[in-house]
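Visitor: I am sharing my_file.cif, which consists of mmCIF, C-alpha atoms:
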```cif
data_query
#
loop_
_atom_site.label_atom_id
_atom_site.label_comp_id
_atom_site.auth_asym_id
_atom_site.auth_seq_id
_atom_site.Cartn_x
_atom_site.Cartn_y
_atom_site.Cartn_z
CA MET A 30 -171.58 -123.83 78.86
CA THR A 31 -173.51 -120.94 80.38
CA THR A 32 -172.60 -119.30 83.68
CA VAL A 33 -173.97 -116.25 85.48
CA ASP A 34 -171.68 -113.47 86.63
CA PRO A 35 -172.15 -111.52 89.91
CA GLY A 36 -174.22 -108.95 88.02
CA GLY A 37 -176.71 -111.57 86.95
CA ARG A 38 -175.66 -111.51 83.28
CA ALA A 39 -175.52 -114.84 81.47
CA ARG A 40 -172.10 -115.60 80.02
CA ARG A 41 -171.71 -118.12 77.18
CA LEU A 42 -168.04 -118.90 77.41
CA LEU A 43 -167.41 -121.87 75.11
CA SER A 44 -169.93 -121.73 72.29
CA GLY A 45 -172.81 -119.79 70.80
CA PRO A 46 -173.36 -116.05 70.50
CA GLU A 47 -171.25 -113.88 72.79
CA PRO A 48 -172.12 -110.22 72.18
CA GLU A 49 -170.05 -108.84 75.05
CA VAL A 50 -166.68 -110.56 74.76
CA ALA A 51 -164.71 -107.66 76.22
CA ALA A 52 -167.09 -107.14 79.13
CA ASP A 53 -167.06 -110.86 79.88
CA ALA A 54 -163.27 -110.72 79.90
CA GLY A 55 -163.43 -108.18 82.71
CA HIS A 56 -163.22 -104.87 80.87
CA ALA A 57 -165.54 -102.28 82.39
CA GLU A 58 -167.49 -100.24 79.82
CA PRO A 59 -165.42 -101.36 76.82
CA PRO A 60 -165.59 -99.54 73.48
CA PRO A 61 -167.45 -101.17 70.56
CA ARG A 62 -165.89 -104.40 69.35
CA VAL A 63 -163.80 -103.88 66.21
CA GLY A 64 -162.72 -106.11 63.37
CA PHE A 65 -161.86 -106.43 59.69
CA PHE A 66 -164.08 -106.77 56.64
CA THR A 67 -161.99 -108.13 53.76
CA ASP A 68 -163.56 -107.56 50.35
CA THR A 69 -161.70 -110.05 48.16
CA SER A 70 -163.47 -108.78 45.04
CA VAL A 71 -161.26 -105.67 45.01
CA CYS A 72 -157.97 -107.17 46.26
CA ILE A 73 -155.24 -106.56 43.66
CA GLY A 74 -152.56 -108.65 45.38
CA CYS A 75 -150.21 -105.74 45.88
CA LYS A 76 -149.05 -107.04 49.31
CA ALA A 77 -149.04 -103.54 50.77
CA CYS A 78 -150.79 -105.01 53.82
CA GLU A 79 -148.04 -107.59 54.32
CA VAL A 80 -145.33 -104.95 54.09
CA ALA A 81 -147.13 -102.49 56.39
CA CYS A 82 -147.72 -105.23 58.96
CA LYS A 83 -144.07 -106.25 58.99
CA GLU A 84 -142.81 -102.67 59.15
CA TRP A 85 -145.09 -101.50 61.94
CA ASN A 86 -144.67 -104.59 64.11
CA ALA A 87 -140.95 -105.10 63.38
CA ILE A 88 -141.59 -108.68 62.26
CA PRO A 89 -138.45 -110.54 61.14
CA PRO A 90 -138.23 -112.27 57.74
CA ALA A 91 -140.23 -115.47 57.39
CA THR A 92 -138.41 -118.74 57.98
CA GLY A 93 -139.31 -122.36 57.43
CA GLU A 94 -140.21 -124.05 54.17
CA ALA A 95 -140.91 -120.89 52.19
CA GLY A 96 -138.37 -118.71 53.95
CA GLY A 97 -139.68 -115.59 52.24
CA ARG A 98 -138.77 -116.96 48.81
CA LEU A 99 -141.15 -117.66 45.94
CA THR A 100 -142.95 -120.90 46.70
CA GLY A 101 -143.66 -121.89 43.12
CA MET A 102 -147.35 -121.21 43.74
CA SER A 103 -147.75 -118.10 41.58
CA TYR A 104 -146.41 -114.95 43.27
CA ASP A 105 -146.92 -116.18 46.83
CA ASN A 106 -143.67 -115.73 48.75
CA THR A 107 -145.30 -116.18 52.18
CA GLY A 108 -147.06 -119.53 51.90
CA GLY A 109 -149.38 -118.97 54.83
CA LEU A 110 -149.88 -117.29 58.17
CA GLY A 111 -147.30 -117.86 60.88
CA ALA A 112 -145.12 -116.37 63.57
CA SER A 113 -143.36 -114.11 61.06
CA SER A 114 -146.24 -113.71 58.61
CA TRP A 115 -149.17 -112.07 60.38
CA ARG A 116 -150.71 -111.10 57.04
CA HIS A 117 -150.78 -113.43 54.04
CA VAL A 118 -151.94 -112.52 50.56
CA ALA A 119 -153.04 -115.72 48.85
CA PHE A 120 -152.80 -116.06 45.08
CA VAL A 121 -155.19 -118.80 43.98
CA GLU A 122 -154.46 -119.55 40.33
CA GLN A 123 -157.26 -121.01 38.21
CA SER A 124 -157.78 -121.88 34.58
CA GLY A 125 -159.96 -119.33 32.83
CA PRO A 126 -163.02 -120.08 30.68
CA SER A 127 -162.34 -122.00 27.46
CA ASP A 128 -165.40 -120.75 25.59
CA GLY A 129 -163.69 -117.79 23.98
CA SER A 130 -164.93 -115.29 26.59
CA ALA A 131 -162.81 -113.01 28.77
CA GLY A 132 -159.34 -114.38 29.28
CA ASN A 133 -159.43 -116.62 26.18
CA GLY A 134 -158.94 -119.68 28.33
CA GLY A 135 -155.87 -118.28 30.08
CA PRO A 136 -155.23 -118.43 33.84
CA ARG A 137 -156.78 -116.06 36.34
CA TRP A 138 -155.89 -115.17 39.90
CA LEU A 139 -158.15 -115.02 42.91
CA MET A 140 -156.38 -112.91 45.51
CA ALA A 141 -157.24 -112.46 49.17
CA SER A 142 -155.47 -111.11 52.23
CA ASP A 143 -155.81 -113.42 55.23
CA VAL A 144 -155.22 -112.68 58.90
CA CYS A 145 -156.08 -113.87 62.43
CA LYS A 146 -159.85 -113.97 63.01
CA HIS A 147 -159.66 -112.81 66.67
CA CYS A 148 -162.35 -115.40 67.39
CA THR A 149 -165.30 -114.88 69.70
CA HIS A 150 -164.47 -118.26 71.22
CA ALA A 151 -160.70 -118.25 70.77
CA ALA A 152 -159.28 -121.74 71.25
CA CYS A 153 -155.73 -120.36 71.54
CA LEU A 154 -156.80 -118.18 74.46
CA ASP A 155 -158.71 -121.02 76.13
CA VAL A 156 -155.71 -123.37 76.25
CA CYS A 157 -153.00 -120.86 77.23
CA PRO A 158 -151.74 -121.86 80.70
CA THR A 159 -149.86 -118.65 81.51
CA GLY A 160 -152.34 -115.93 80.53
CA SER A 161 -150.02 -114.82 77.75
CA LEU A 162 -153.03 -114.67 75.44
CA PHE A 163 -155.68 -112.22 76.59
CA ARG A 164 -158.84 -110.51 75.37
CA THR A 165 -158.42 -106.77 74.92
CA GLU A 166 -161.00 -104.07 75.55
CA PHE A 167 -161.59 -103.97 71.77
CA GLY A 168 -162.59 -107.64 71.71
CA THR A 169 -159.37 -108.73 69.99
CA VAL A 170 -156.99 -111.48 71.12
CA VAL A 171 -153.34 -110.58 71.74
CA VAL A 172 -150.21 -112.49 72.75
CA GLN A 173 -147.98 -111.01 75.46
CA GLU A 174 -144.59 -112.26 74.33
CA ASP A 175 -142.99 -111.49 77.70
CA VAL A 176 -145.44 -113.88 79.40
CA CYS A 177 -145.40 -116.68 76.81
CA ASN A 178 -143.43 -119.70 78.03
CA GLY A 179 -143.26 -121.41 74.64
CA CYS A 180 -145.41 -124.40 75.58
CA GLY A 181 -147.02 -124.38 72.13
CA TYR A 182 -150.49 -125.46 73.28
CA CYS A 183 -152.08 -122.64 71.30
CA VAL A 184 -150.63 -123.80 67.97
CA PRO A 185 -152.68 -127.00 67.47
CA ALA A 186 -155.68 -125.39 69.21
CA CYS A 187 -156.14 -122.78 66.45
CA PRO A 188 -158.43 -124.17 63.72
CA TYR A 189 -157.12 -121.65 61.19
CA GLY A 190 -153.39 -122.32 61.50
CA VAL A 191 -152.79 -118.70 62.48
CA ILE A 192 -150.59 -118.80 65.56
CA GLU A 193 -147.12 -120.31 65.44
CA GLN A 194 -143.94 -120.59 67.47
CA ARG A 195 -141.03 -118.64 66.00
CA ALA A 196 -137.94 -120.65 65.12
CA GLY A 197 -135.00 -119.81 67.37
CA ASP A 198 -137.32 -118.06 69.80
CA GLY A 199 -139.87 -120.67 70.85
CA ARG A 200 -142.59 -118.19 71.80
CA ALA A 201 -145.92 -117.92 69.99
CA TRP A 202 -146.71 -114.95 67.78
CA LYS A 203 -149.67 -113.76 65.70
CA CYS A 204 -151.58 -110.67 64.58
CA THR A 205 -152.44 -108.22 67.37
CA MET A 206 -154.70 -106.10 65.13
CA CYS A 207 -152.12 -103.43 65.93
CA TYR A 208 -153.28 -103.16 69.55
CA ASP A 209 -150.90 -100.25 70.14
CA ARG A 210 -152.43 -98.31 67.26
CA LEU A 211 -155.99 -99.03 68.43
CA GLY A 212 -155.16 -97.59 71.83
CA ALA A 213 -154.06 -94.38 70.09
CA GLY A 214 -157.26 -94.14 68.06
CA GLN A 215 -155.64 -95.30 64.81
CA GLU A 216 -156.60 -98.12 62.45
CA PRO A 217 -154.32 -101.14 61.97
CA ALA A 218 -151.36 -100.68 59.64
CA CYS A 219 -152.63 -103.19 57.06
CA ALA A 220 -155.99 -101.45 56.62
CA LYS A 221 -154.28 -98.06 56.50
CA ALA A 222 -151.98 -99.23 53.70
CA CYS A 223 -154.59 -101.01 51.53
CA PRO A 224 -154.98 -98.90 48.35
CA THR A 225 -158.32 -100.40 47.25
CA ASP A 226 -160.10 -100.63 50.63
CA SER A 227 -160.12 -104.40 50.28
CA ILE A 228 -159.25 -104.44 54.00
CA GLN A 229 -161.73 -102.35 55.95
CA PHE A 230 -161.52 -101.75 59.69
CA GLY A 231 -164.16 -100.51 62.10
CA PRO A 232 -166.85 -101.42 64.64
CA LEU A 233 -167.96 -105.01 64.01
CA ASP A 234 -171.68 -104.24 63.77
CA GLU A 235 -171.02 -101.53 61.19
CA LEU A 236 -168.78 -103.84 59.16
CA ARG A 237 -171.44 -106.55 59.08
CA GLU A 238 -173.94 -104.10 57.62
CA ARG A 239 -171.39 -102.85 55.10
CA ALA A 240 -170.47 -106.40 54.11
CA ALA A 241 -174.09 -107.45 53.64
CA ALA A 242 -174.69 -104.43 51.41
CA ARG A 243 -171.58 -105.25 49.38
CA VAL A 244 -172.70 -108.84 48.81
CA ALA A 245 -176.15 -107.65 47.74
CA GLY A 246 -174.55 -105.19 45.31
CA LEU A 247 -172.31 -107.85 43.79
CA ARG A 248 -175.22 -110.22 43.28
CA GLU A 249 -177.18 -107.47 41.55
CA THR A 250 -174.32 -107.12 39.06
CA GLY A 251 -174.35 -110.85 38.29
CA VAL A 252 -171.83 -112.24 40.78
CA GLU A 253 -174.20 -114.90 42.05
CA GLY A 254 -171.54 -116.71 44.07
CA ALA A 255 -170.78 -113.68 46.28
CA ARG A 256 -171.11 -114.60 49.95
CA LEU A 257 -169.90 -113.71 53.42
CA TYR A 258 -167.65 -115.85 55.58
CA GLY A 259 -167.71 -115.35 59.31
#
```
Let me see whether you can do it: turn the structure in this file into structure tokens.
Guide:
Amino acid sequence: MTTVDPGGRARRLLSGPEPEVAADAGHAEPPPRVGFFTDTSVCIGCKACEVACKEWNAIPPATGEAGGRLTGMSYDNTGGLGASSWRHVAFVEQSGPSDGSAGNGGPRWLMASDVCKHCTHAACLDVCPTGSLFRTEFGTVVVQEDVCNGCGYCVPACPYGVIEQRAGDGRAWKCTMCYDRLGAGQEPACAKACPTDSIQFGPLDELRERAAARVAGLRETGVEGARLYG
């Protein structure tokens, strides 16, 4: 759907490119949109991002099926994103090559830190009836817990399974990209804590250029399957 605002600018609200998400949300002269570039090729699975996220945002221990315990799936004690797990380091365990090359046929881990995508067309934001979810001046999507009424509409609306209602609380919670830190000119806690720069934070346009260059570099070194998501 395309509408035209009072200034004559076309606004694509439900699909397609939307280069001015913050301006279309009503923010006058917003700063450049920011985001994350996660380079999984250098993630070492240290979980520093998970710890930093929990410490900065005072997130309680995870509950539910995993409950913060080892899940039996390698060293993953989180299981996935949720109300009390705003960062999740996935450990994908695979069998190594059996041809006598590196690893001698043993297992290998593919590790990646996952987080809310802060979508351009955020389904969670679209279905929220109270305005608890809102678009910030940085282009991110944040939940105002004091406005959330616990209806849960946002949970099935998210295609990534990011947002969740917290047990015993009822309200929805997810990554805020450390909105309070952004307002103070700081980067999010997870990116600050990452020791290998697997999680990189910055203006979205700059990150896209950096990511494209990284993929090109990996392919030049023989990693033909290197690609960008999102």
Visitor: Counting only C-alpha atoms, figure out which residue out of A:Arg200, A:His150, A:Arg195, A:Arg239 gets nearest to Glu174 of chain A.
Guide: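 That would be A:Arg200, the residue with the smallest distance to Glu174 of chain A.
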Visitor: Segment 185-257 of chain A near segment 109-120 of chain A within 6 Å: what's each residue's closest atom pair and its distance in Å to one decimal, counting all atoms listed in the file, ordered by chain then ascending residue number, as a tab-separated table?
Guide:
```
residue	atom	partner	partner_atom	distance
A:Val191	CA	A:Leu110	CA	5.4
A:Ile192	CA	A:Gly111	CA	5.8
A:Glu193	CA	A:Ala112	CA	4.8
A:Gln194	CA	A:Ala112	CA	5.9
A:Arg195	CA	A:Ala112	CA	5.3
A:Trp202	CA	A:Ala112	CA	4.7
A:Lys203	CA	A:Trp115	CA	5.6
A:Cys204	CA	A:Trp115	CA	5.0
```
Visitor: Using all atoms listed in the file, which of the listed residues (A:His56, A:Arg62, A:His147, A:Arg137) sits closest to Leu211 of chain A?
Guide: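 Nearest to Leu211 of chain A: A:Arg62.
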Visitor: With only C-alpha atoms as the atoms that count, which of A:Asp234, A:Glu84, A:Glu122, A:Glu166 lies nearest to Trp138 of chain A?
Guide: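 Looking at the shortest contact to Trp138 of chain A, the residue is A:Glu122.
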Visitor: Just to confirm, what's the straight-line distance from atom CA of Cys72 of chain A to atom CA of Ile228 of chain A in Å (one decimal)?
Guide: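 Taking atom CA of Cys72 of chain A as the start and atom CA of Ile228 of chain A as the end point, the length is 8.3 Å.
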Visitor: Could you expand the PyMOL selection byres ((chain A and resi 199) around 9) into the explicit residues it covers here, written as a tab-separated table (two decimals) with C-alpha atoms, keeping the file's coordinate frame?
Guide:
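Contents of expr-v2.tsv, freshly written:
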```tsv
chain	number	residue	atom	x	y	z
A	178	ASN	CA	-143.43	-119.70	78.03
A	179	GLY	CA	-143.26	-121.41	74.64
A	180	CYS	CA	-145.41	-124.40	75.58
A	181	GLY	CA	-147.02	-124.38	72.13
A	194	GLN	CA	-143.94	-120.59	67.47
A	195	ARG	CA	-141.03	-118.64	66.00
A	196	ALA	CA	-137.94	-120.65	65.12
A	197	GLY	CA	-135.00	-119.81	67.37
A	198	ASP	CA	-137.32	-118.06	69.80
A	200	ARG	CA	-142.59	-118.19	71.80
A	201	ALA	CA	-145.92	-117.92	69.99
```
Visitor: If you apply the PyMOL selection byres ((chain A and resi 189) around 10) to this file, what residues do you get, as a PyMOL selection string?
Guide: chain A and resi 110+144-146+184-188+190-192
Visitor: Any idea what's packed within 6 Å of Leu233 of chain A, counting only C-alpha atoms, ignoring anything in its chain fewer than 2 positions away? Could you give it as a count of residues only?
Guide: 5
Visitor: Got a sec to resolve the PyMOL selection byres ((chain A and resi 140) around 12) on this structure and send the residues as a list in words?
Guide: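 This file, filtered by the PyMOL selection byres ((chain A and resi 140) around 12), leaves Thr67, Asp68, Thr69, Ser70, Val71, Cys72, Ile73, Gly74, Cys75, Lys76, Ser103, Tyr104, Asp105, His117, Val118, Ala119, Phe120, Val121, Glu122, Gln123, Arg137, Trp138, Leu139, Ala141, Ser142, Asp143 and Ser227 of chain A.
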Visitor: What is the atom CA of Tyr182 of chain A to atom CA of Cys153 of chain A distance in Å?
Guide: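 Interatomic distance here is 7.5 Å.
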Visitor: What is the atom CA of Cys157 of chain A-atom CA of Trp85 of chain A distance in Å, reported with one decimal?
Guide: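 Answer for the atom CA of Cys157 of chain A to atom CA of Trp85 of chain A separation: 25.9 Å.
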